[in-house]
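Novice: Below: one structure in structure tokens.
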Amino acid sequence: MSHPWMPTSPCGDGCLGGQVPTIGRVRMAFRAVFAASAILLGIPLLLGIAVLRGTARESLVRGWFHVVLRGFGARLRVIGPRRFQETRGRGVLVVSNHVSWLDELAIDAVQPIRLVAKRDIKDWPVLGRIVTGARTVYLDRERLSLLPAAVDELASALRDGAAVGIHAEGTTWCGLASGRYKPALFQSALNAGVPVRPIVLRYRVGDRATTHPAFVGSDTLVDSIRRVLSLRGLIVEVHVLDEIAPGRAANRRELAALAEAQANRLTSTEVEVEPCPGDTHRGTHVPARISSLGA
């Protein structure tokens, strides 16, 4: 039986079509080695996380995520404030869309935060240990009876001044089409009395929005990593939007709707989107040419 907090995305293999610039096999192999080496640097990083505090710890973790992101051939572009917390030491719930496994790398390369992630990420080699060391809150989607406890844990972290991140759609979408924001975890911001910071992740190659980094359909993690490693000129855009102050919403549904509406209001000059002939749903969400969302 389906559950309203366990959404499904219509994005599938057909969303991953289109022509984009790629690199040769030799350069791709070099990238793979560089990315693996950058990830392995996370082992001594765990020691640094344990002994450092404050801005020194944040700088170390942010720098490492930035290096790993570059290892996979992606450049980071931040549009808006360079931090998610408008006031240092005040908790904030960071709410984003969800496209790819690269999302977490990009978010933490801007500002390391406590993320809510699927339980299986904890078992990823090396990276899983580092993500756990960053005090990630894991959510078992098969045991939703634990959801109230997760909300309480998030609210406690927010009261303590942490920046906590959630993927509001609850599952991955292709990045051009998007899903409705699920209200369940927004309750933590209401309970803690802290603002919500919507952010939007977009992936581009040159002047075109692209779905190639999306982790959807029948993809395995290896398939997705190989596709990302092959891209030439990949840019991850992190659009940091205005905070939603406490008190603007009476309940979690209103709060989720405010965050979703703010994300949807992004407009800018249009850019071409690479065609995806197998896409059976995206045309109902976005036109053939879409906004570059602040690029």
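Residue numbering restarts at 1 in every chain; chains get A, B, ... in the order shown in the structure tokens, and ligands count up from 1 in that same order.
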Running DSSP on the backbone, which parts of region 143-218 of chain A land in alpha helix (DSSP H), as a PyMOL selection string?
Specialist: chain A and resi 147-159+187-192
Novice: Just list as a ChimeraX atom specification whatever in region 87-269 of chain A DSSP marks as strand (DSSP E).
Specialist: /A:92-96,114-118,137-139,163-167,196-205,208-209,234-240
Novice: Take the residues that were just selected and, keeping N, CA, C and O atoms, output them as a compact mmCIF listing (two decimals), in the first residue's frame.
Specialist:
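Produced file selection_0.txt, reproduced below:
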```
# COMPACT_ATOMS: atom_id res chain seq x y z
N VAL A 92 18.20 26.56 10.91
CA VAL A 92 17.43 26.80 9.70
C VAL A 92 17.19 25.47 8.99
O VAL A 92 18.07 24.61 8.96
N LEU A 93 15.98 25.29 8.48
CA LEU A 93 15.65 24.09 7.71
C LEU A 93 15.87 24.41 6.23
O LEU A 93 15.18 25.27 5.66
N VAL A 94 16.84 23.75 5.62
CA VAL A 94 17.19 23.97 4.22
C VAL A 94 16.41 22.97 3.37
O VAL A 94 16.55 21.76 3.56
N VAL A 95 15.60 23.47 2.45
CA VAL A 95 14.67 22.65 1.71
C VAL A 95 15.03 22.70 0.22
O VAL A 95 15.05 23.77 -0.38
N SER A 96 15.32 21.54 -0.37
CA SER A 96 15.75 21.52 -1.77
C SER A 96 14.98 20.49 -2.58
O SER A 96 14.35 19.58 -2.03
N ARG A 114 23.51 19.32 8.29
CA ARG A 114 23.00 18.00 8.63
C ARG A 114 21.90 17.66 7.64
O ARG A 114 20.91 18.37 7.53
N LEU A 115 22.08 16.58 6.91
CA LEU A 115 21.12 16.19 5.89
C LEU A 115 20.27 15.01 6.34
O LEU A 115 20.74 14.14 7.10
N VAL A 116 19.05 14.98 5.87
CA VAL A 116 18.20 13.80 6.02
C VAL A 116 18.39 12.97 4.76
O VAL A 116 18.21 13.47 3.64
N ALA A 117 18.77 11.72 4.92
CA ALA A 117 19.10 10.88 3.77
C ALA A 117 18.48 9.50 3.93
O ALA A 117 18.12 9.08 5.04
N LYS A 118 18.37 8.79 2.80
CA LYS A 118 17.88 7.42 2.83
C LYS A 118 18.86 6.53 3.59
O LYS A 118 20.07 6.71 3.52
N VAL A 137 21.00 12.55 9.41
CA VAL A 137 19.84 11.85 9.99
C VAL A 137 19.31 10.89 8.94
O VAL A 137 18.92 11.30 7.84
N TYR A 138 19.33 9.61 9.24
CA TYR A 138 18.89 8.60 8.27
C TYR A 138 17.41 8.27 8.48
O TYR A 138 16.95 8.15 9.62
N LEU A 139 16.71 8.13 7.37
CA LEU A 139 15.28 7.83 7.41
C LEU A 139 15.03 6.55 6.65
O LEU A 139 15.41 6.42 5.49
N ALA A 163 22.01 23.88 10.87
CA ALA A 163 21.35 23.94 9.56
C ALA A 163 21.08 22.50 9.15
O ALA A 163 22.00 21.68 9.10
N VAL A 164 19.83 22.19 8.88
CA VAL A 164 19.42 20.82 8.56
C VAL A 164 18.77 20.83 7.18
O VAL A 164 17.95 21.70 6.87
N GLY A 165 19.13 19.86 6.33
CA GLY A 165 18.64 19.84 4.96
C GLY A 165 17.74 18.66 4.66
O GLY A 165 18.01 17.53 5.10
N ILE A 166 16.66 18.92 3.93
CA ILE A 166 15.77 17.86 3.47
C ILE A 166 15.51 18.02 1.97
O ILE A 166 15.57 19.13 1.44
N HIS A 167 15.26 16.90 1.30
CA HIS A 167 14.80 16.92 -0.09
C HIS A 167 13.28 16.84 -0.05
O HIS A 167 12.70 15.79 0.24
N VAL A 196 12.76 28.66 7.32
CA VAL A 196 12.99 27.68 6.25
C VAL A 196 13.72 28.39 5.12
O VAL A 196 13.35 29.49 4.72
N ARG A 197 14.77 27.76 4.59
CA ARG A 197 15.54 28.32 3.48
C ARG A 197 15.35 27.43 2.25
O ARG A 197 15.98 26.37 2.13
N PRO A 198 14.50 27.82 1.30
CA PRO A 198 14.39 27.02 0.07
C PRO A 198 15.64 27.21 -0.80
O PRO A 198 16.16 28.32 -0.92
N ILE A 199 16.10 26.14 -1.40
CA ILE A 199 17.15 26.22 -2.40
C ILE A 199 16.73 25.36 -3.59
O ILE A 199 15.91 24.45 -3.46
N VAL A 200 17.26 25.69 -4.77
CA VAL A 200 16.93 24.93 -5.98
C VAL A 200 18.23 24.50 -6.65
O VAL A 200 19.13 25.32 -6.87
N LEU A 201 18.32 23.22 -6.96
CA LEU A 201 19.48 22.66 -7.65
C LEU A 201 19.16 22.49 -9.13
O LEU A 201 18.12 21.92 -9.48
N ARG A 202 20.05 23.01 -9.98
CA ARG A 202 19.89 22.85 -11.41
C ARG A 202 21.22 22.41 -12.02
O ARG A 202 22.28 22.85 -11.57
N TYR A 203 21.16 21.57 -13.04
CA TYR A 203 22.36 21.06 -13.71
C TYR A 203 22.37 21.57 -15.14
O TYR A 203 21.36 21.52 -15.85
N ARG A 204 23.54 22.05 -15.56
CA ARG A 204 23.68 22.60 -16.91
C ARG A 204 24.97 22.13 -17.55
O ARG A 204 25.96 21.86 -16.87
N VAL A 205 24.92 22.01 -18.86
CA VAL A 205 26.12 21.81 -19.67
C VAL A 205 26.13 22.93 -20.70
O VAL A 205 25.24 23.00 -21.55
N ARG A 208 22.80 24.95 -21.81
CA ARG A 208 21.62 24.10 -21.81
C ARG A 208 21.42 23.46 -20.44
O ARG A 208 22.35 22.93 -19.84
N ALA A 209 20.17 23.50 -19.98
CA ALA A 209 19.81 22.68 -18.83
C ALA A 209 19.87 21.22 -19.25
O ALA A 209 19.54 20.87 -20.38
N LEU A 234 30.13 20.24 -17.07
CA LEU A 234 28.97 20.16 -16.18
C LEU A 234 29.04 21.24 -15.10
O LEU A 234 30.07 21.43 -14.45
N ILE A 235 27.93 21.93 -14.91
CA ILE A 235 27.82 22.97 -13.87
C ILE A 235 26.65 22.61 -12.96
O ILE A 235 25.55 22.29 -13.44
N VAL A 236 26.89 22.65 -11.66
CA VAL A 236 25.82 22.48 -10.67
C VAL A 236 25.48 23.86 -10.12
O VAL A 236 26.33 24.52 -9.53
N GLU A 237 24.28 24.28 -10.36
CA GLU A 237 23.83 25.57 -9.84
C GLU A 237 23.04 25.35 -8.56
O GLU A 237 22.12 24.54 -8.51
N VAL A 238 23.42 26.10 -7.52
CA VAL A 238 22.68 26.09 -6.26
C VAL A 238 22.08 27.49 -6.09
O VAL A 238 22.79 28.45 -5.85
N HIS A 239 20.76 27.58 -6.24
CA HIS A 239 20.06 28.84 -6.10
C HIS A 239 19.57 28.96 -4.66
O HIS A 239 18.71 28.17 -4.23
N VAL A 240 20.13 29.89 -3.91
CA VAL A 240 19.78 30.08 -2.50
C VAL A 240 18.73 31.19 -2.43
O VAL A 240 19.02 32.36 -2.69
```
Novice: Hey, which of A:Arg70, A:Pro21, A:Asp219, A:Ser156 ends up closest to Leu102 (chain A)? Count only C-alpha atoms.
Specialist: A:Arg70
Novice: I want to know what sits within 12 Å of Gly91 (chain A), based on only C-alpha atoms, with residues of the same chain fewer than 4 positions away left out; could you give that as a ChimeraX atom specification?
Specialist: /A:84-87,113-114,154-165,188-197,243,245-246
Novice: Considering only C-alpha atoms, return as a VMD selection string whatever protein or nucleic-acid residues lie within 8 Å of Pro213 (chain A), sequence-local ones (same chain, fewer than 2 positions apart) excluded.
Specialist: chain A and resid 99 to 100 102 203 210 to 211 215 224 227 to 228
Novice: Rank nothing, just name the residue among A:Leu185, A:Ala74, A:Cys11, A:Cys174 nearest to His212 (chain A), using only C-alpha atoms.
Specialist: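 Under the stated criterion, the closest residue is A:Cys174.
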Novice: Restricting the calculation to only C-alpha atoms: of A:Leu229, A:Ala106, A:Leu241, A:Leu221, which residue gets closest to Arg25 (chain A)?
Specialist: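 The closest residue to Arg25 (chain A) is A:Leu229.
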